[in-house]
4 protein chains.
Amino acid sequence: MTLRELQEQVRHFAQERDWEQFHDPKNLSMALAGEAGELLEIFQWLTPAQSTAVMDNATQAEAVRHELADVLAYLLRLADVLQVDLAAALRTKMDLNARRYPVDRARGRSNKYDAYEN
Amino acid sequence: MTLRELQEQVRHFAQERDWEQFHDPKNLSMALAGEAGELLEIFQWLTPAQSTAVMDNATQAEAVRHELADVLAYLLRLADVLQVDLAAALRTKMDLNARRYPVDRARGRSNKYDAYEN
Amino acid sequence: MTLRELQEQVRHFAQERDWEQFHDPKNLSMALAGEAGELLEIFQWLTPAQSTAVMDNATQAEAVRHELADVLAYLLRLADVLQVDLAAALRTKMDLNARRYPVDRARGRSNKYDAYEN
Amino acid sequence: MTLRELQEQVRHFAQERDWEQFHDPKNLSMALAGEAGELLEIFQWLTPAQSTAVMDNATQAEAVRHELADVLAYLLRLADVLQVDLAAALRTKMDLNARRYPVDRARGRSNKYDAYEN
């Protein structure tokens, strides 16, 4: 499945329900952040070790899959209405981050060389 | 590009830098929400109409592409460490939402039938 | 009511339930952001004008009051465990912002002079 | 300092800069969540133990105080434009939570009896 194919499915879902009228970038950025917040709520009281084992619990595992799907759906919608090619944007950003965080200087450091990116 | 191919690239980027040690699900859910928050900051003072035109401004357009890429990167990492198939999770969630928000009852309604999902 | 008095009430509530063990700063920052996300969900599909009138609807008004209270509660807890004086921190930050956004240059501009602060 | 006094200071700061035009509830909910996201970014790669010691580092401590102040400022503004009495809203919500999470059943449990509130 390519991002573009998934994007078309989510767009179709919105079109059928006449929901495109609500899907301006401002609103979609809020919906995306709201779903990211729901993901946080799953993990907020778990220790790091418990968070790593979260999929062992069937109820929590389903909640995780649903929230990840919701984040993805709004990310796809937002990129769609903005006509951003997500795969190209990721490629560009990773190239930028590769220069910002050269392997030899960034190795094993989370501060300053702030994880995947900043 | 499939989600899985993108996921491998992002995983490789983290591995090269020995950053996998920081990428437990709890931490990644925070990084994802942090990036979603940066997207919000682009749109927070824009009117809905201005948000729709955000890509007309080259500086803002680049910021948008970078933040969308960051959200995607952490979403891919999070799904990767949790071994969640994102495309399958989206399919399952959309089927669930199709039952929750039948076309005839959800048409044009954002409340209750809460947009793409709830 | 001072911030400090409210803080004591929230601390007492957590102590009675032996919840202080969960209230490290990392976890509380997640809980705070999760509640901020719930606030977003109230407003995400509303037009700016509808958002201004949100308190006219009794159900929405109650949801707004509850979410504002939740954000406040976690903000108070977080400042408490970090031993940050919130009123002093606000004073310091407003002084900094007053220099960053001088009245004559910031008037009526939301970009660059990014609203209340950056 | 009461919440009301702090609220007046933040309102005055916005009025002087003619920023009230940007401060509708929808926009302020985004700004609040954006600041909560910046707090997350401080803690995202820290272990729980490192998060507890965050104020020992002067640079991080200042960042924490600034972000807490920003969250408080937008929370005060949002309650102000909605004419919500924050202290009263907190009292009401804590009474509700006291019934939801009775001391004897909630003690030491973070799941289900979800920390301070849900």
# chains A, B, ... in the order shown; residues from 1 in each chain; ligands from 1
$ interface_residues --of "chain C" --to "chain B" --cutoff "10 Å" --atoms "only C-alpha atoms" --output "list in words"
Lys26, Asn27, Ser29, Met30, Ala33, Gly34, Gly37, Glu41, Ile42, Gln44, Trp45, Leu46, Thr47, Pro48, Arg109, Ser110, Asn111, Asp114, Ala115 and Asn118 of chain C
$ select_by_dssp --residues "chain A" --states "alpha helix (DSSP H)" --output "ChimeraX atom specification"
/A:3-16,25-43,48-52,58-81,86-100,103-106
$ residues_around --residues "Gln7 (chain A)" --least-positions-apart "3" --cutoff "8 Å" --atoms "only C-alpha atoms" --output "VMD selection string"
chain A and resid 3 to 4 10 to 11 73 76 to 77 80
$ residues_around --residues "Asp24 (chain C)" --least-positions-apart "4" --cutoff "9 Å" --atoms "only C-alpha atoms" --output "list of chain:residue names"
C:Glu20, C:Leu28, C:Ser29, C:Leu78, C:Val81, C:Leu82, D:Pro48, D:Ala49, D:Ser51, D:Thr52
$ write_last_selection --atoms "N, CA, C and O atoms" --output "PDB file, in the first residue's frame"
ATOM      1  N   GLU C  20       0.955   9.832  44.015  1.00  0.00           N
ATOM      2  CA  GLU C  20       2.184  10.607  43.803  1.00  0.00           C
ATOM      3  C   GLU C  20       3.256   9.776  43.105  1.00  0.00           C
ATOM      4  O   GLU C  20       4.121  10.317  42.419  1.00  0.00           O
ATOM      5  N   LEU C  28       3.606  13.716  34.087  1.00  0.00           N
ATOM      6  CA  LEU C  28       2.680  14.847  34.223  1.00  0.00           C
ATOM      7  C   LEU C  28       2.677  15.729  32.970  1.00  0.00           C
ATOM      8  O   LEU C  28       1.640  16.287  32.603  1.00  0.00           O
ATOM      9  N   SER C  29       3.842  15.837  32.311  1.00  0.00           N
ATOM     10  CA  SER C  29       3.860  16.619  31.060  1.00  0.00           C
ATOM     11  C   SER C  29       2.997  15.933  30.002  1.00  0.00           C
ATOM     12  O   SER C  29       2.353  16.604  29.184  1.00  0.00           O
ATOM     13  N   LEU C  78       2.389  19.586  38.115  1.00  0.00           N
ATOM     14  CA  LEU C  78       3.712  19.599  37.483  1.00  0.00           C
ATOM     15  C   LEU C  78       4.597  20.671  38.127  1.00  0.00           C
ATOM     16  O   LEU C  78       5.757  20.409  38.485  1.00  0.00           O
ATOM     17  N   VAL C  81       5.609  19.396  41.704  1.00  0.00           N
ATOM     18  CA  VAL C  81       6.688  18.404  41.825  1.00  0.00           C
ATOM     19  C   VAL C  81       8.025  18.991  41.374  1.00  0.00           C
ATOM     20  O   VAL C  81       9.087  18.537  41.802  1.00  0.00           O
ATOM     21  N   LEU C  82       7.994  19.987  40.508  1.00  0.00           N
ATOM     22  CA  LEU C  82       9.234  20.640  40.060  1.00  0.00           C
ATOM     23  C   LEU C  82       9.637  21.797  40.972  1.00  0.00           C
ATOM     24  O   LEU C  82      10.688  22.404  40.780  1.00  0.00           O
TER      25      LEU C  82
ATOM     26  N   PRO D  48      12.351   8.710  33.466  1.00  0.00           N
ATOM     27  CA  PRO D  48      11.587   9.275  34.580  1.00  0.00           C
ATOM     28  C   PRO D  48      12.506   9.887  35.645  1.00  0.00           C
ATOM     29  O   PRO D  48      12.239  10.996  36.127  1.00  0.00           O
ATOM     30  N   ALA D  49      13.600   9.200  35.971  1.00  0.00           N
ATOM     31  CA  ALA D  49      14.522   9.721  36.989  1.00  0.00           C
ATOM     32  C   ALA D  49      15.171  11.027  36.524  1.00  0.00           C
ATOM     33  O   ALA D  49      15.299  11.984  37.295  1.00  0.00           O
ATOM     34  N   SER D  51      13.861  13.107  34.502  1.00  0.00           N
ATOM     35  CA  SER D  51      12.822  14.147  34.500  1.00  0.00           C
ATOM     36  C   SER D  51      12.634  14.730  35.897  1.00  0.00           C
ATOM     37  O   SER D  51      12.359  15.920  36.046  1.00  0.00           O
ATOM     38  N   THR D  52      12.816  13.887  36.897  1.00  0.00           N
ATOM     39  CA  THR D  52      12.671  14.352  38.284  1.00  0.00           C
ATOM     40  C   THR D  52      13.798  15.312  38.666  1.00  0.00           C
ATOM     41  O   THR D  52      13.621  16.196  39.512  1.00  0.00           O
TER      42      THR D  52
END
$ atom_distance --atom1 "CA of Asp95 (chain D)" --atom2 "CA of Leu72 (chain D)"
22.5 Å
$ residues_around --residues "Gly108 (chain C)" --least-positions-apart "6" --cutoff "9 Å" --atoms "only C-alpha atoms" --output "short mmCIF file (atom, residue, chain, number, x, y, z; two decimals) with N, CA and C atoms, in the first residue's frame"
data_model
loop_
_atom_site.label_atom_id
_atom_site.label_comp_id
_atom_site.auth_asym_id
_atom_site.auth_seq_id
_atom_site.Cartn_x
_atom_site.Cartn_y
_atom_site.Cartn_z
N ALA C 115 1.87 36.49 18.75
CA ALA C 115 0.83 36.57 19.77
C ALA C 115 1.46 36.79 21.14
N ARG D 17 -1.11 45.26 22.93
CA ARG D 17 -0.56 44.92 21.61
C ARG D 17 -1.64 44.68 20.57
N ASP D 18 -2.90 44.96 20.95
CA ASP D 18 -4.02 44.72 20.03
C ASP D 18 -4.04 43.27 19.55
N TRP D 19 -3.77 42.37 20.46
CA TRP D 19 -3.74 40.95 20.12
C TRP D 19 -5.05 40.25 20.47
N GLU D 20 -5.99 40.98 21.07
CA GLU D 20 -7.25 40.32 21.42
C GLU D 20 -7.98 39.79 20.18
N GLN D 21 -7.76 40.44 19.04
CA GLN D 21 -8.39 39.98 17.79
C GLN D 21 -7.98 38.54 17.43
N PHE D 22 -6.80 38.10 17.89
CA PHE D 22 -6.35 36.74 17.57
C PHE D 22 -6.82 35.73 18.62
#
$ atom_distance --atom1 "CA of Met94 (chain C)" --atom2 "CA of Ala61 (chain D)"
17.0 Å
$ closest_residue --among "B:Leu75, B:Asn57, B:Gln9, B:Asp70" --to "Leu39 (chain A)" --atoms "only C-alpha atoms"
B:Leu75
$ decode --residues "region 7-71 of chain D" --atoms "C-alpha atoms" --output "compact mmCIF listing (two decimals), in the first residue's frame"
# COMPACT_ATOMS: atom_id res chain seq x y z
CA GLN D 7 -5.51 36.89 34.34
CA GLU D 8 -5.80 40.65 34.34
CA GLN D 9 -2.07 41.01 33.75
CA VAL D 10 -2.12 38.65 30.79
CA ARG D 11 -5.22 40.34 29.36
CA HIS D 12 -3.59 43.74 29.71
CA PHE D 13 -0.49 42.45 27.89
CA ALA D 14 -2.66 41.33 24.96
CA GLN D 15 -4.74 44.52 24.92
CA GLU D 16 -1.68 46.76 24.75
CA ARG D 17 -0.56 44.92 21.61
CA ASP D 18 -4.02 44.72 20.03
CA TRP D 19 -3.74 40.95 20.12
CA GLU D 20 -7.25 40.32 21.42
CA GLN D 21 -8.39 39.98 17.79
CA PHE D 22 -6.35 36.74 17.57
CA HIS D 23 -7.54 35.38 20.91
CA ASP D 24 -10.73 33.54 20.10
CA PRO D 25 -11.22 30.26 21.97
CA LYS D 26 -10.33 28.10 18.97
CA ASN D 27 -7.00 29.86 18.43
CA LEU D 28 -6.19 29.90 22.14
CA SER D 29 -6.88 26.19 22.50
CA MET D 30 -4.28 25.66 19.75
CA ALA D 31 -1.75 27.95 21.40
CA LEU D 32 -2.25 26.17 24.73
CA ALA D 33 -1.74 22.75 23.14
CA GLY D 34 1.29 24.06 21.24
CA GLU D 35 2.91 25.15 24.51
CA ALA D 36 2.02 21.84 26.16
CA GLY D 37 3.84 20.25 23.21
CA GLU D 38 6.94 22.32 23.93
CA LEU D 39 6.90 21.04 27.50
CA LEU D 40 6.76 17.48 26.15
CA GLU D 41 9.85 18.15 24.05
CA ILE D 42 11.84 18.97 27.18
CA PHE D 43 10.97 15.63 28.75
CA GLN D 44 10.63 13.27 25.77
CA TRP D 45 14.09 11.69 25.81
CA LEU D 46 14.59 11.86 29.57
CA THR D 47 14.14 8.82 31.77
CA PRO D 48 11.59 9.28 34.58
CA ALA D 49 14.52 9.72 36.99
CA GLN D 50 16.15 12.33 34.75
CA SER D 51 12.82 14.15 34.50
CA THR D 52 12.67 14.35 38.28
CA ALA D 53 16.13 15.97 38.32
CA VAL D 54 15.45 18.38 35.46
CA MET D 55 15.66 21.50 37.63
CA ASP D 56 19.27 20.70 38.58
CA ASN D 57 20.38 21.84 35.15
CA ALA D 58 20.12 25.64 34.92
CA THR D 59 19.42 25.75 31.18
CA GLN D 60 16.73 23.09 31.34
CA ALA D 61 15.28 24.65 34.50
CA GLU D 62 14.83 27.97 32.73
CA ALA D 63 13.22 26.28 29.74
CA VAL D 64 10.82 24.47 32.07
CA ARG D 65 9.85 27.69 33.86
CA HIS D 66 9.26 29.45 30.54
CA GLU D 67 7.09 26.69 29.13
CA LEU D 68 5.06 26.37 32.33
CA ALA D 69 4.52 30.13 32.21
CA ASP D 70 3.39 29.94 28.58
CA VAL D 71 0.90 27.18 29.33
